[in-house]
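S.K.: Quick one: this structure, given as structure tokens, is what I'll be asking you about.
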Amino acid sequence: DLLKAYRALGDAKGATIDFEGKFWSFKNATLGGAMNYAPEIWGLGGGPKLLDYVTSYADGIGTTCPPVYGTVEEFAAAREEILGMVKAKGRDVSKFRVGVWFAVMLVEDEAQLERVLQNKLIKWFAGVMGRVSPADWAKVGLESPVPLDWNYFQHFLPYETSDAFVADVLAKTTPEHAKKGWLVGTPAQVAAQIQPFIDAGADWVCPMDYLPLVLEPEEAGAAFARSIELCRLIKRR
């Protein structure tokens, strides 16, 4: 309903529309003349239902790497499949965009990396979010720290998650899970890892550095500078 309504209101260019949806309906609805352009509407995530909706009505889709697509080859194959769905529905493929949020850890050097890999918060994030589908850990030769039928976006309820569950995840999460769950390294090293995804067709990229979550306050400035440097290197290419 939302995607259809957004599309109808944007295409109306200030005129009124009638819309009959499954859950929401509008009569003589309009955004008025204040918005003189139709904003892009993107979906976020994956799964067959969402992909059907966004390839039918949205302008793009955002995903995350490596947690969803662990390799450039997996991303490229998924992108081609998504664009194929857009084309099959008679839409202009050139106007549909695919974006990637990159989970990264930008470090000053190897010593800093080894220190933070033992941090419990980093281990928790790596264990529960390093792969959105826990079964995908097997693709990189690792056992899932969480049950194969468990994922954070459906099952993680902070106030209902037992200490025993958290302790079990932390015990099973190794430094390799963090290294495979994020793009890890200096800004130059991470930029080199992101570039192949851009070459494979990513239209928009956004690296998210998790490392500042566990650094000391006095390290914040240097951490922010690393993010700026990473973006500079990406844009330079």
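The chains in the structure tokens are called A, B, ... from first to last as shown; in each chain the residues are counted from 1, and the ligands are counted from 1 in the order shown.
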Please report as CSV every residue of segment 45-110 of chain A lying within 12 Å of segment 10-34 of chain A, along with the nearest atom pair and their distance in Å (one decimal), using only C-alpha atoms.

M.R.:
residue,atom,partner,partner_atom,distance
A:Tyr57,CA,A:Gly10,CA,11.7
A:Ala58,CA,A:Gly10,CA,11.6
A:Asp59,CA,A:Gly10,CA,11.9

S.K.: Kindly provide the residues of segment 30-126 of chain A that approach segment 148-152 of chain A to within 12 Å, each paired with its closest atom pair and their distance in Å to one decimal, based on only C-alpha atoms, listed by chain and increasing number, as CSV.

M.R.:
residue,atom,partner,partner_atom,distance
A:Pro67,CA,A:Asn151,CA,11.6
A:Trp124,CA,A:Tyr152,CA,11.0
A:Phe125,CA,A:Tyr152,CA,9.9
A:Ala126,CA,A:Tyr152,CA,11.4

S.K.: Pick out each residue of segment 43-111 of chain A that DSSP on the backbone tags as strand (DSSP E or B); I need them as a VMD selection string.

M.R.: chain A and resid 43 to 44 60 to 65 97 to 106

S.K.: Atoms to include: C-alpha atoms. Write the selected residues as a tab-separated table (two decimals), in the first residue's frame.

M.R.:
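File written: again.tsv
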chain	number	residue	atom	x	y	z
A	43	GLY	CA	13.34	-0.57	-0.11
A	44	LEU	CA	15.74	-1.90	2.49
A	60	GLY	CA	15.84	1.20	-5.75
A	61	ILE	CA	16.88	-1.16	-3.00
A	62	GLY	CA	19.54	-0.98	-0.32
A	63	THR	CA	21.30	-4.00	1.10
A	64	THR	CA	24.32	-4.61	3.32
A	65	CYS	CA	27.62	-6.34	2.63
A	97	ARG	CA	19.34	1.73	-8.37
A	98	VAL	CA	21.05	-0.72	-6.04
A	99	GLY	CA	22.85	0.60	-2.98
A	100	VAL	CA	25.08	-1.01	-0.37
A	101	TRP	CA	25.69	-0.25	3.29
A	102	PHE	CA	29.10	-1.64	4.20
A	103	ALA	CA	29.72	-2.83	7.72
A	104	VAL	CA	33.35	-1.83	8.34
A	105	MET	CA	35.93	-1.57	11.10
A	106	LEU	CA	38.49	1.09	10.35

S.K.: Which of these residues is nearest to Asp168 of chain A, using only C-alpha atoms: A:Phe96, A:Phe153, A:Lys120, A:Ala188?

M.R.: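 So, comparing all the options, the nearest one is A:Lys120.
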
S.K.: Hey, can you check how far atom CA of Val184 of chain A sits from atom CA of Val116 of chain A?

M.R.: 11.7 Å

S.K.: How many Å separate atom CA of Ile122 of chain A from atom CA of Ala76 of chain A?

M.R.: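 Result for atom CA of Ile122 of chain A versus atom CA of Ala76 of chain A: 28.3 Å, one decimal.
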
S.K.: Atom CA of Leu2 of chain A and atom CA of Lys95 of chain A, how far apart in Å?

M.R.: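 Atom CA of Lys95 of chain A sits 19.9 Å away from atom CA of Leu2 of chain A.
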